[in-house]
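Presented below is the structure to which this report refers.
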Amino acid sequence: MKTLFSAASLVAATLALTACDSKTATTGEAKMPSTAENMGKDAAAKTDEVAPTSGTAAVAADEANAKPGPDPSTIPAAKAGDAAAIYARPQVPILCYHQIRDWTARDSKGAKDYIIPIAAFKAQVKMLADSGYHSIQPDQLYAYLTTGAPLPPKPVMLTFDDTDLDQFTIARPTLAQYGYKGVYFVMTVSLGRPHYMTKDMVKQLSDEGNQIGSHTWDHHNVKKYQGQDWVTQIDKPTKTLEDITGKKIKYFAYPFGLWNTQAFPELKQRGFVAAFSLAEKRDQTDPLFTIRRIIASGYWTPRTLHNNMVQSF
């Protein structure tokens, strides 16, 4: 049995977070231009305006009055669509963020895809609100995908991976300005460590109406799990998060966005109802366990982000 608790493993997991997820929004079901192409096209897209402005105040009011989606356990199996019906429903834009901080001289060109400067993040969120987007939570998405339940106008899901402290200190108050809620996929090995969230912060996010999901113990690739790995990477972190939040943990995000079909029954028997990948195509036989997201690149302007959302979903 492979040992995952060594000091070297902990250090490697922590240092790997700069480039947490390896797939950017370039391999999805819809054609996606690369980051470099987007940077080049951005100047030429000055006339490509974002969606009509609805006003941040209107969005905030809608968000304040939004009703949560039904708990998946309350949706009878007979009312849930089959895989083909789920796969056929139009996808909802889902954004994935990692570190929210200003770039430093030590950051590589590739790392900057996963590190979004603070001002750029705030501008992206403002664009979403100005354009009339409404944040949704996984329960709403699940009800929509399985039963066709209605969603608010221009839905978007805002997800955050890896438990970085700036997701609490920067993302949380930024989203709150517009009444937005986020989905935080927590890697439990980092809880309480320097530059990462504490258990109390995760509890506060949950209490404030954000969704807490699992992102494994130390970001180990799901495709390599054997035997005890499922206990170390899934069972124990799930219990930790449920103890922190006092709520059932129902949603999972694959490290690096990497998955295999062998993982689906393992996740299901542990109580997960859906899992999130990245830009890779969904599995047609189990689309609920391969829900697509795109990484919001640190290079993107608000207009470029909007263009990628429209093209990818």
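Chains: A, B, ... in order of the structure tokens. Residues: from 1 per chain. Ligands: from 1, in order shown.
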
Determine which residues of region 93-156 of chain A DSSP labels as strand (DSSP E or B) from the backbone of this structure, then write them out as number ranges by chain.
A: 94-97, 99-100, 115-116, 134-135, 155-156

Keeping only N, CA, C and O atoms, write the selected residues to a file as a PDB file, in the first residue's frame.
```pdb
ATOM      1  N   ILE A  94     -19.500  27.459 -15.912  1.00  0.00           N
ATOM      2  CA  ILE A  94     -18.922  27.244 -14.581  1.00  0.00           C
ATOM      3  C   ILE A  94     -17.465  27.674 -14.636  1.00  0.00           C
ATOM      4  O   ILE A  94     -16.687  27.164 -15.446  1.00  0.00           O
ATOM      5  N   LEU A  95     -17.105  28.629 -13.782  1.00  0.00           N
ATOM      6  CA  LEU A  95     -15.752  29.165 -13.752  1.00  0.00           C
ATOM      7  C   LEU A  95     -14.980  28.558 -12.594  1.00  0.00           C
ATOM      8  O   LEU A  95     -15.532  28.337 -11.519  1.00  0.00           O
ATOM      9  N   CYS A  96     -13.702  28.304 -12.818  1.00  0.00           N
ATOM     10  CA  CYS A  96     -12.837  27.729 -11.797  1.00  0.00           C
ATOM     11  C   CYS A  96     -11.699  28.702 -11.504  1.00  0.00           C
ATOM     12  O   CYS A  96     -10.959  29.096 -12.419  1.00  0.00           O
ATOM     13  N   TYR A  97     -11.573  29.088 -10.242  1.00  0.00           N
ATOM     14  CA  TYR A  97     -10.503  29.982  -9.803  1.00  0.00           C
ATOM     15  C   TYR A  97      -9.589  29.247  -8.830  1.00  0.00           C
ATOM     16  O   TYR A  97     -10.010  28.334  -8.126  1.00  0.00           O
ATOM     17  N   GLN A  99      -5.634  30.744  -7.272  1.00  0.00           N
ATOM     18  CA  GLN A  99      -5.062  31.823  -6.472  1.00  0.00           C
ATOM     19  C   GLN A  99      -5.524  33.178  -6.998  1.00  0.00           C
ATOM     20  O   GLN A  99      -5.585  33.403  -8.199  1.00  0.00           O
ATOM     21  N   ILE A 100      -5.844  34.068  -6.059  1.00  0.00           N
ATOM     22  CA  ILE A 100      -6.260  35.431  -6.401  1.00  0.00           C
ATOM     23  C   ILE A 100      -5.271  36.362  -5.719  1.00  0.00           C
ATOM     24  O   ILE A 100      -5.417  36.718  -4.545  1.00  0.00           O
ATOM     25  N   ILE A 115      -3.158  32.094 -11.610  1.00  0.00           N
ATOM     26  CA  ILE A 115      -3.049  33.165 -10.615  1.00  0.00           C
ATOM     27  C   ILE A 115      -3.680  34.412 -11.214  1.00  0.00           C
ATOM     28  O   ILE A 115      -3.143  34.996 -12.150  1.00  0.00           O
ATOM     29  N   ILE A 116      -4.819  34.817 -10.703  1.00  0.00           N
ATOM     30  CA  ILE A 116      -5.500  35.971 -11.266  1.00  0.00           C
ATOM     31  C   ILE A 116      -5.247  37.189 -10.381  1.00  0.00           C
ATOM     32  O   ILE A 116      -5.516  37.151  -9.169  1.00  0.00           O
ATOM     33  N   HIS A 134     -26.401  35.562 -12.826  1.00  0.00           N
ATOM     34  CA  HIS A 134     -26.816  35.195 -11.482  1.00  0.00           C
ATOM     35  C   HIS A 134     -26.066  33.935 -11.047  1.00  0.00           C
ATOM     36  O   HIS A 134     -26.020  32.947 -11.772  1.00  0.00           O
ATOM     37  N   SER A 135     -25.478  33.990  -9.865  1.00  0.00           N
ATOM     38  CA  SER A 135     -24.740  32.818  -9.387  1.00  0.00           C
ATOM     39  C   SER A 135     -25.717  31.730  -8.951  1.00  0.00           C
ATOM     40  O   SER A 135     -26.791  32.010  -8.417  1.00  0.00           O
ATOM     41  N   PRO A 155     -27.485  32.064 -15.763  1.00  0.00           N
ATOM     42  CA  PRO A 155     -26.839  31.446 -14.599  1.00  0.00           C
ATOM     43  C   PRO A 155     -25.340  31.271 -14.816  1.00  0.00           C
ATOM     44  O   PRO A 155     -24.869  31.065 -15.940  1.00  0.00           O
ATOM     45  N   VAL A 156     -24.591  31.327 -13.732  1.00  0.00           N
ATOM     46  CA  VAL A 156     -23.162  31.048 -13.739  1.00  0.00           C
ATOM     47  C   VAL A 156     -22.801  30.462 -12.386  1.00  0.00           C
ATOM     48  O   VAL A 156     -23.402  30.815 -11.370  1.00  0.00           O
TER      49      VAL A 156
END
```

Need to verify the contact set: Asp166 (chain A), 10 Å, only C-alpha atoms, exclusion of same-chain residues closer than 3 positions in sequence. Can you return it as a tab-separated table (two decimals) with all heavy atoms, in the first residue's frame?
```tsv
chain	number	residue	atom	x	y	z
A	98	HIS	N	-8.34	29.70	-8.79
A	98	HIS	CA	-7.35	29.15	-7.86
A	98	HIS	C	-6.82	30.26	-6.97
A	98	HIS	O	-7.50	30.70	-6.06
A	98	HIS	CB	-6.24	28.43	-8.64
A	98	HIS	CG	-6.72	27.24	-9.39
A	98	HIS	ND1	-7.24	27.32	-10.67
A	98	HIS	CD2	-6.78	25.94	-9.04
A	98	HIS	CE1	-7.60	26.10	-11.07
A	98	HIS	NE2	-7.33	25.25	-10.09
A	99	GLN	N	-5.63	30.74	-7.27
A	99	GLN	CA	-5.06	31.82	-6.47
A	99	GLN	C	-5.52	33.18	-7.00
A	99	GLN	O	-5.59	33.40	-8.20
A	99	GLN	CB	-3.54	31.75	-6.51
A	99	GLN	CG	-2.97	30.48	-5.91
A	99	GLN	CD	-1.46	30.49	-5.90
A	99	GLN	OE1	-0.83	31.49	-5.57
A	99	GLN	NE2	-0.85	29.36	-6.24
A	100	ILE	N	-5.84	34.07	-6.06
A	100	ILE	CA	-6.26	35.43	-6.40
A	100	ILE	C	-5.27	36.36	-5.72
A	100	ILE	O	-5.42	36.72	-4.55
A	100	ILE	CB	-7.70	35.71	-5.95
A	100	ILE	CG1	-8.65	34.64	-6.49
A	100	ILE	CG2	-8.15	37.10	-6.40
A	100	ILE	CD1	-10.02	34.64	-5.86
A	101	ARG	N	-4.25	36.74	-6.45
A	101	ARG	CA	-3.20	37.61	-5.92
A	101	ARG	C	-2.45	38.23	-7.08
A	101	ARG	O	-2.52	37.75	-8.22
A	101	ARG	CB	-2.23	36.83	-5.03
A	101	ARG	CG	-1.48	35.72	-5.74
A	101	ARG	CD	-0.36	35.16	-4.89
A	101	ARG	NE	0.31	34.02	-5.50
A	101	ARG	CZ	1.27	34.12	-6.43
A	101	ARG	NH1	1.64	35.33	-6.89
A	101	ARG	NH2	1.84	33.03	-6.92
A	118	ILE	N	-5.61	40.59	-8.34
A	118	ILE	CA	-6.78	40.99	-7.56
A	118	ILE	C	-7.69	41.91	-8.35
A	118	ILE	O	-8.92	41.72	-8.40
A	118	ILE	CB	-6.33	41.65	-6.25
A	118	ILE	CG1	-5.61	40.62	-5.37
A	118	ILE	CG2	-7.53	42.23	-5.49
A	118	ILE	CD1	-4.94	41.21	-4.15
A	163	THR	N	-8.41	25.80	-1.45
A	163	THR	CA	-8.43	26.31	-0.07
A	163	THR	C	-7.51	27.50	0.17
A	163	THR	O	-7.19	27.83	1.31
A	163	THR	CB	-8.07	25.19	0.95
A	163	THR	OG1	-8.43	23.91	0.42
A	163	THR	CG2	-8.81	25.37	2.26
A	169	THR	N	-10.27	35.98	1.84
A	169	THR	CA	-10.02	37.40	2.09
A	169	THR	C	-10.34	38.29	0.89
A	169	THR	O	-10.68	39.46	1.07
A	169	THR	CB	-8.55	37.62	2.50
A	169	THR	OG1	-7.69	37.15	1.44
A	169	THR	CG2	-8.22	36.87	3.78
A	170	ILE	N	-10.25	37.76	-0.33
A	170	ILE	CA	-10.50	38.55	-1.53
A	170	ILE	C	-11.80	38.14	-2.22
A	170	ILE	O	-12.68	38.96	-2.49
A	170	ILE	CB	-9.33	38.44	-2.54
A	170	ILE	CG1	-8.01	38.85	-1.87
A	170	ILE	CG2	-9.61	39.30	-3.77
A	170	ILE	CD1	-7.95	40.27	-1.40
A	171	ALA	N	-11.93	36.84	-2.55
A	171	ALA	CA	-13.10	36.40	-3.31
A	171	ALA	C	-14.39	36.57	-2.52
A	171	ALA	O	-15.39	37.07	-3.05
A	171	ALA	CB	-12.92	34.94	-3.72
A	172	ARG	N	-14.38	36.15	-1.27
A	172	ARG	CA	-15.61	36.20	-0.48
A	172	ARG	C	-16.21	37.60	-0.42
A	172	ARG	O	-17.40	37.77	-0.73
A	172	ARG	CB	-15.34	35.65	0.92
A	172	ARG	CG	-16.50	35.80	1.90
A	172	ARG	CD	-16.13	35.26	3.28
A	172	ARG	NE	-17.06	35.74	4.29
A	172	ARG	CZ	-16.91	36.88	4.96
A	172	ARG	NH1	-15.85	37.65	4.73
A	172	ARG	NH2	-17.79	37.26	5.85
A	195	HIS	N	-1.04	30.70	4.53
A	195	HIS	CA	-1.57	31.07	3.21
A	195	HIS	C	-2.78	30.24	2.79
A	195	HIS	O	-3.17	30.29	1.62
A	195	HIS	CB	-0.48	30.99	2.13
A	195	HIS	CG	0.78	31.70	2.50
A	195	HIS	ND1	0.83	33.06	2.73
A	195	HIS	CD2	2.04	31.23	2.71
A	195	HIS	CE1	2.07	33.40	3.05
A	195	HIS	NE2	2.82	32.32	3.05
A	196	TYR	N	-3.34	29.47	3.72
A	196	TYR	CA	-4.54	28.70	3.41
A	196	TYR	C	-5.62	28.99	4.45
A	196	TYR	O	-5.35	29.53	5.51
A	196	TYR	CB	-4.22	27.20	3.39
A	196	TYR	CG	-3.32	26.81	2.26
A	196	TYR	CD1	-1.95	26.70	2.45
A	196	TYR	CD2	-3.82	26.59	0.98
A	196	TYR	CE1	-1.10	26.37	1.42
A	196	TYR	CE2	-2.98	26.27	-0.06
A	196	TYR	CZ	-1.61	26.16	0.16
A	196	TYR	OH	-0.78	25.84	-0.88
A	197	MET	N	-6.84	28.62	4.12
A	197	MET	CA	-7.95	28.87	5.02
A	197	MET	C	-7.88	27.98	6.26
A	197	MET	O	-7.31	26.89	6.24
A	197	MET	CB	-9.28	28.63	4.30
A	197	MET	CG	-9.67	29.74	3.34
A	197	MET	SD	-11.38	29.58	2.76
A	197	MET	CE	-11.16	28.62	1.27
```

Closest atom pairs, residues of region 175-199 of chain A within 12 Å of region 60-80 of chain A, only C-alpha atoms, as a Markdown table:
```
| residue | atom | partner | partner_atom | distance |
| --- | --- | --- | --- | --- |
| A:Leu175 | CA | A:Ala60 | CA | 10.0 |
| A:Ala176 | CA | A:Ala60 | CA | 8.8 |
| A:Gln177 | CA | A:Ala60 | CA | 7.7 |
| A:Tyr178 | CA | A:Ala60 | CA | 4.7 |
| A:Gly179 | CA | A:Ala60 | CA | 4.9 |
| A:Tyr180 | CA | A:Glu63 | CA | 6.5 |
| A:Lys181 | CA | A:Glu63 | CA | 8.6 |
```

Figure out the distance between CA of Arg303 (chain A) and CA of Arg106 (chain A), please, to one decimal in Å.
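One can read the CA of Arg106 (chain A) to CA of Arg303 (chain A) distance as 27.3 Å.
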
Within 7 Å of Gln284 (chain A) using only C-alpha atoms, minus same-chain residues under 2 positions, as a short mmCIF file (atom, residue, chain, number, x, y, z; two decimals) with N, CA, C and O atoms, in the first residue's frame:
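Below you can see around.cif, which holds the result:
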```cif
data_model
loop_
_atom_site.label_atom_id
_atom_site.label_comp_id
_atom_site.auth_asym_id
_atom_site.auth_seq_id
_atom_site.Cartn_x
_atom_site.Cartn_y
_atom_site.Cartn_z
N ALA A 83 -29.20 9.53 -18.63
CA ALA A 83 -27.94 10.18 -19.00
C ALA A 83 -28.06 10.97 -20.29
O ALA A 83 -27.51 12.08 -20.41
N TYR A 87 -27.27 14.88 -20.61
CA TYR A 87 -26.21 15.29 -21.52
C TYR A 87 -26.74 16.31 -22.54
O TYR A 87 -25.99 17.20 -22.99
N ARG A 282 -17.39 15.74 -21.53
CA ARG A 282 -18.10 14.96 -20.53
C ARG A 282 -18.23 13.50 -20.95
O ARG A 282 -18.19 13.17 -22.13
N ASP A 286 -22.33 9.11 -18.04
CA ASP A 286 -22.46 9.62 -16.67
C ASP A 286 -22.06 11.09 -16.62
O ASP A 286 -21.09 11.46 -15.96
N PRO A 287 -22.82 11.95 -17.29
CA PRO A 287 -22.45 13.36 -17.36
C PRO A 287 -22.48 14.07 -16.02
O PRO A 287 -21.81 15.10 -15.86
#
```

Based on DSSP run over this structure's backbone, return all residues of region 42-163 of chain A in alpha helix (DSSP H), as an MDAnalysis selection string.
chainID A and resid 42 56:64 83:88 118:130 138:147
